[in-house]
Number of protein chains: 2
Amino acid sequence: MAARLDEMDRKILAALQEDASLSLDEIARRVSSSKTPVWNRIRRMKESGVILRTTALLDAEALGLEACFFVLVRTSEHDAGWQGKFLQVLQSRPEVLEAHRLAGDIDYILKVRVKNARAYDTFYQALISEVRIYNVTALLSMEEIKSTTILPLALAAD
Amino acid sequence: MAARLDEMDRKILAALQEDASLSLDEIARRVSSSKTPVWNRIRRMKESGVILRTTALLDAEALGLEACFFVLVRTSEHDAGWQGKFLQVLQSRPEVLEAHRLAGDIDYILKVRVKNARAYDTFYQALISEVRIYNVTALLSMEEIKSTTILPLALAAD
DNA sequence: GGTGAAAGAAATAGGTT
DNA sequence: AACCTATTTCTTTCACC
């Protein structure tokens with residue numbers, strides 16, 4: 001599944017992760033190439049799914065979304081029906097930014113972004129009313145000390 | 001600190017979160033306006049820091065970064081010196097995608113993206129050799145069931 | 001806030017090594 | 001097969017209404 005990328009592909013990805021609004025000319029300059037090959041490589045990486053999409057990152061605090069919780073979920077039900085329903089609830093809730101199924105005694109972790117603690121409680125009540133959950137621990141973030149979408153390409157090399 | 005945004009600003013942000021490569025014409029069409037006001041609003045929101053940057057989101061699995069850990073950190077040291085050093089280590093490590101200081105008995109949570117469990121161990125050994133840490137629990141993600149950078153603008157409204 | 005023209009960038013075609 | 005040059009088309013930017 002891992003796409004084979006050469007050094008130039010990685011440099012292009014690094015530039016696009018840093019700033020997706022760079023012009024082809026500027027990217028070409030940075031990777032010591034010219035527009036056409038860079039354009040072809042980007043197109044290929046979009047088609048192959050290495051580049052998922054390009055997005056504007058917003059400041060949650062500036063938008064008034066001042067609370068962030070990590071939610072540790074334990075369940076006693078592990079059948080497909082329950083899991084499907086749980087997944088559907090997570091997908092339908094825009095305040096759930098991330099959800100992972102875990103190995104070990106905690107079953108799921110969620111990252112939830114809301115306006116305040118009250119809004120989190122509204123989410124929590126909705127969640128437990130829609131699916132049976134054995135145990136929930138909410139970790140409240142006091143400070144986001146690092147937040148990046150930039151994947152470490154250097155560590156990805158084969 | 002929360003910027004005041006009207007309905008049109010929010011619609012523009014929604015479009016840009018979904019696809020930052022949309023043309024001004026297309027965004028203007030979607031928000032039932034024309035290029036100039038949309039362009040001015042985007043510029044204002046960039047200047048005011050509501051829009052942080054635009055980035056290409058990549059597929060971590062396709063790049064061979066197949067392991068994701070959430071790391072719960074407890075420390076016994078809470079002085080500024082320790083905290084500064086810890087922060088510096090997190091910032092310098094590209095595999096740390098997120099780090100939050102928490103309320104409650106767990107002090108920090110990290111999200112760490114690496115190639116495999118061995119690469120995580122390398123990171124872990126480096127971390128504990130650079131700063132004193134009382135207790136670490138690593139939660140291994142088996143499956144990313146949701147992952148979005150799209151903030152819920154509807155829930156952000158005053 | 002709208003219009004439109006000038007500048008700039010993206011997308012593609014055709015030729016080159 | 002990958003790159004370079006040139007052309008067309010689309011987009012951004014900005015002065016003016």
# chains A, B, ... in the order shown; residues from 1 in each chain; ligands from 1
>>> select_by_dssp(residues="stretch 2-142 of chain B", states="strand (DSSP E or B)", output="VMD selection string")
chain B and resid 51 to 58 67 to 74 96 to 102 108 to 114 135 to 142
>>> write_last_selection(atoms="N, CA, C and O atoms", output="short mmCIF file (atom, residue, chain, number, x, y, z; two decimals), in the first residue's frame")
data_model
loop_
_atom_site.label_atom_id
_atom_site.label_comp_id
_atom_site.auth_asym_id
_atom_site.auth_seq_id
_atom_site.Cartn_x
_atom_site.Cartn_y
_atom_site.Cartn_z
N ILE B 51 -7.78 32.36 9.80
CA ILE B 51 -7.20 31.37 8.88
C ILE B 51 -5.70 31.34 9.15
O ILE B 51 -5.00 32.33 8.98
N LEU B 52 -5.22 30.21 9.62
CA LEU B 52 -3.81 30.08 10.00
C LEU B 52 -2.92 29.87 8.79
O LEU B 52 -1.93 30.56 8.61
N ARG B 53 -3.27 28.87 7.99
CA ARG B 53 -2.49 28.57 6.79
C ARG B 53 -3.27 27.58 5.94
O ARG B 53 -4.27 27.04 6.39
N THR B 54 -2.80 27.37 4.74
CA THR B 54 -3.44 26.33 3.94
C THR B 54 -2.42 25.23 3.69
O THR B 54 -1.23 25.48 3.49
N THR B 55 -2.88 24.00 3.78
CA THR B 55 -1.96 22.88 3.79
C THR B 55 -2.52 21.71 2.99
O THR B 55 -3.73 21.61 2.81
N ALA B 56 -1.61 20.86 2.52
CA ALA B 56 -2.02 19.61 1.88
C ALA B 56 -2.06 18.52 2.94
O ALA B 56 -1.08 18.33 3.67
N LEU B 57 -3.19 17.84 3.06
CA LEU B 57 -3.28 16.72 4.00
C LEU B 57 -2.86 15.45 3.27
O LEU B 57 -3.36 15.15 2.18
N LEU B 58 -1.95 14.71 3.91
CA LEU B 58 -1.41 13.50 3.28
C LEU B 58 -1.92 12.26 3.99
O LEU B 58 -2.33 12.32 5.15
N ALA B 67 1.93 3.52 12.23
CA ALA B 67 1.60 3.40 13.65
C ALA B 67 1.29 4.76 14.26
O ALA B 67 1.97 5.75 14.01
N CYS B 68 0.21 4.76 15.06
CA CYS B 68 -0.18 5.98 15.75
C CYS B 68 -0.42 5.66 17.23
O CYS B 68 -1.14 4.71 17.55
N PHE B 69 0.23 6.42 18.10
CA PHE B 69 0.11 6.22 19.54
C PHE B 69 -0.42 7.48 20.21
O PHE B 69 -0.03 8.59 19.85
N PHE B 70 -1.27 7.29 21.19
CA PHE B 70 -1.60 8.38 22.11
C PHE B 70 -0.85 8.09 23.39
O PHE B 70 -0.92 6.98 23.93
N VAL B 71 -0.11 9.06 23.85
CA VAL B 71 0.80 8.84 24.97
C VAL B 71 0.34 9.69 26.15
O VAL B 71 0.25 10.91 26.04
N LEU B 72 0.01 9.01 27.25
CA LEU B 72 -0.42 9.71 28.47
C LEU B 72 0.78 9.85 29.38
O LEU B 72 1.41 8.86 29.73
N VAL B 73 1.10 11.08 29.73
CA VAL B 73 2.32 11.35 30.48
C VAL B 73 1.99 11.93 31.85
O VAL B 73 1.19 12.87 31.96
N ARG B 74 2.58 11.33 32.89
CA ARG B 74 2.52 11.91 34.23
C ARG B 74 3.92 12.30 34.65
O ARG B 74 4.87 11.56 34.39
N VAL B 96 5.86 13.90 16.86
CA VAL B 96 4.83 14.39 17.78
C VAL B 96 3.93 15.35 17.01
O VAL B 96 4.32 16.47 16.70
N LEU B 97 2.74 14.91 16.68
CA LEU B 97 1.84 15.74 15.89
C LEU B 97 1.00 16.65 16.78
O LEU B 97 0.63 17.75 16.39
N GLU B 98 0.70 16.18 18.00
CA GLU B 98 -0.06 17.01 18.93
C GLU B 98 0.43 16.79 20.34
O GLU B 98 0.86 15.69 20.70
N ALA B 99 0.32 17.85 21.13
CA ALA B 99 0.64 17.74 22.55
C ALA B 99 -0.25 18.72 23.31
O ALA B 99 -0.39 19.88 22.90
N HIS B 100 -0.89 18.22 24.35
CA HIS B 100 -1.75 19.06 25.17
C HIS B 100 -1.37 18.91 26.64
O HIS B 100 -1.08 17.80 27.09
N ARG B 101 -1.40 20.01 27.35
CA ARG B 101 -1.30 19.98 28.81
C ARG B 101 -2.70 19.81 29.34
O ARG B 101 -3.63 20.50 28.89
N LEU B 102 -2.86 18.87 30.28
CA LEU B 102 -4.21 18.50 30.72
C LEU B 102 -4.51 18.95 32.14
O LEU B 102 -3.60 19.17 32.93
N TYR B 108 -0.04 15.29 30.59
CA TYR B 108 0.05 15.60 29.16
C TYR B 108 -0.48 14.44 28.34
O TYR B 108 -0.39 13.28 28.74
N ILE B 109 -1.00 14.78 27.17
CA ILE B 109 -1.28 13.74 26.17
C ILE B 109 -0.58 14.13 24.88
O ILE B 109 -0.56 15.30 24.50
N LEU B 110 0.03 13.14 24.25
CA LEU B 110 0.71 13.37 22.98
C LEU B 110 0.09 12.46 21.93
O LEU B 110 -0.35 11.35 22.23
N LYS B 111 0.09 12.92 20.71
CA LYS B 111 -0.24 12.04 19.58
C LYS B 111 1.02 11.91 18.75
O LYS B 111 1.60 12.91 18.33
N VAL B 112 1.42 10.67 18.55
CA VAL B 112 2.71 10.40 17.92
C VAL B 112 2.51 9.49 16.71
O VAL B 112 1.88 8.44 16.81
N ARG B 113 3.04 9.89 15.58
CA ARG B 113 2.88 9.15 14.32
C ARG B 113 4.23 8.61 13.88
O ARG B 113 5.17 9.39 13.70
N VAL B 114 4.36 7.32 13.76
CA VAL B 114 5.64 6.70 13.38
C VAL B 114 5.43 5.53 12.44
O VAL B 114 4.30 5.15 12.16
N ASN B 135 5.55 8.67 34.79
CA ASN B 135 4.78 7.53 34.29
C ASN B 135 4.29 7.79 32.88
O ASN B 135 3.84 8.90 32.56
N VAL B 136 4.40 6.77 32.03
CA VAL B 136 3.95 6.90 30.64
C VAL B 136 3.04 5.72 30.30
O VAL B 136 3.39 4.58 30.57
N THR B 137 1.90 6.02 29.72
CA THR B 137 1.03 4.96 29.18
C THR B 137 0.84 5.23 27.70
O THR B 137 0.42 6.32 27.31
N ALA B 138 1.17 4.24 26.87
CA ALA B 138 0.99 4.41 25.42
C ALA B 138 -0.25 3.66 24.97
O ALA B 138 -0.41 2.47 25.27
N LEU B 139 -1.14 4.35 24.30
CA LEU B 139 -2.33 3.73 23.73
C LEU B 139 -2.09 3.57 22.24
O LEU B 139 -1.87 4.56 21.53
N LEU B 140 -2.13 2.34 21.76
CA LEU B 140 -1.86 2.08 20.35
C LEU B 140 -3.16 2.11 19.55
O LEU B 140 -4.11 1.40 19.87
N SER B 141 -3.17 2.93 18.51
CA SER B 141 -4.34 2.97 17.63
C SER B 141 -4.34 1.77 16.70
O SER B 141 -3.35 1.49 16.04
N MET B 142 -5.45 1.07 16.67
CA MET B 142 -5.62 -0.06 15.75
C MET B 142 -6.25 0.41 14.45
O MET B 142 -6.10 -0.19 13.40
#
>>> closest_atom_pairs(of="chain B", to="chain D", cutoff="9 Å", atoms="only C-alpha atoms (C1' of nucleotides)", output="tab-separated table")
residue	atom	partner	partner_atom	distance
B:Ser23	CA	D:DT11	C1'	6.8
B:Leu24	CA	D:DT11	C1'	7.7
B:Asp25	CA	D:DT11	C1'	8.5
>>> closest_atom_pairs(of="chain A", to="chain C", cutoff="12 Å", atoms="only C-alpha atoms (C1' of nucleotides)", output="JSON lines")
{"residue": "A:Ser21", "atom": "CA", "partner": "C:DA9", "partner_atom": "C1'", "distance": 11.2}
{"residue": "A:Leu22", "atom": "CA", "partner": "C:DA9", "partner_atom": "C1'", "distance": 10.3}
{"residue": "A:Ser23", "atom": "CA", "partner": "C:DA9", "partner_atom": "C1'", "distance": 7.0}
{"residue": "A:Leu24", "atom": "CA", "partner": "C:DA9", "partner_atom": "C1'", "distance": 7.9}
{"residue": "A:Asp25", "atom": "CA", "partner": "C:DA9", "partner_atom": "C1'", "distance": 8.6}
{"residue": "A:Glu26", "atom": "CA", "partner": "C:DA9", "partner_atom": "C1'", "distance": 10.8}
{"residue": "A:Lys35", "atom": "CA", "partner": "C:DA10", "partner_atom": "C1'", "distance": 9.6}
{"residue": "A:Thr36", "atom": "CA", "partner": "C:DA11", "partner_atom": "C1'", "distance": 9.4}
{"residue": "A:Val38", "atom": "CA", "partner": "C:DA10", "partner_atom": "C1'", "distance": 11.9}
{"residue": "A:Trp39", "atom": "CA", "partner": "C:DA11", "partner_atom": "C1'", "distance": 8.8}
{"residue": "A:Asn40", "atom": "CA", "partner": "C:DA11", "partner_atom": "C1'", "distance": 10.3}
{"residue": "A:Arg43", "atom": "CA", "partner": "C:DA11", "partner_atom": "C1'", "distance": 10.9}
>>> closest_residue(among="B:Ala117, B:Ile42, B:Ile150, B:Ile27", to="chain A", atoms="only C-alpha atoms")
B:Ile150
>>> residues_around(residues="B:Glu61", least_positions_apart="5", cutoff="9 Å", atoms="only C-alpha atoms (C1' of nucleotides)", output="ChimeraX atom specification")
/A:1-2,50 /B:66-67,115
>>> write_last_selection(atoms="N, CA, C and O atoms", output="mmCIF file, in the first residue's frame")
data_model
loop_
_atom_site.group_PDB
_atom_site.id
_atom_site.type_symbol
_atom_site.label_atom_id
_atom_site.label_comp_id
_atom_site.auth_asym_id
_atom_site.auth_seq_id
_atom_site.Cartn_x
_atom_site.Cartn_y
_atom_site.Cartn_z
ATOM 1 N N MET A 1 0.819 -1.213 0.000
ATOM 2 C CA MET A 1 0.000 0.000 0.000
ATOM 3 C C MET A 1 0.854 1.264 0.000
ATOM 4 O O MET A 1 0.497 2.278 -0.597
ATOM 5 N N ALA A 2 2.035 1.181 0.632
ATOM 6 C CA ALA A 2 2.893 2.370 0.696
ATOM 7 C C ALA A 2 3.387 2.755 -0.696
ATOM 8 O O ALA A 2 3.998 1.949 -1.388
ATOM 9 N N VAL A 50 -1.993 9.732 -2.063
ATOM 10 C CA VAL A 50 -0.981 10.202 -1.106
ATOM 11 C C VAL A 50 -1.367 11.599 -0.613
ATOM 12 O O VAL A 50 -1.320 11.884 0.585
ATOM 13 N N GLU B 66 2.680 3.893 9.622
ATOM 14 C CA GLU B 66 1.534 3.024 9.884
ATOM 15 C C GLU B 66 1.137 2.920 11.337
ATOM 16 O O GLU B 66 0.143 2.289 11.671
ATOM 17 N N ALA B 67 1.929 3.520 12.225
ATOM 18 C CA ALA B 67 1.600 3.396 13.648
ATOM 19 C C ALA B 67 1.285 4.756 14.262
ATOM 20 O O ALA B 67 1.966 5.747 14.007
ATOM 21 N N LYS B 115 6.541 4.972 11.958
ATOM 22 C CA LYS B 115 6.500 3.882 10.992
ATOM 23 C C LYS B 115 5.970 2.594 11.613
ATOM 24 O O LYS B 115 5.194 1.872 10.999
#
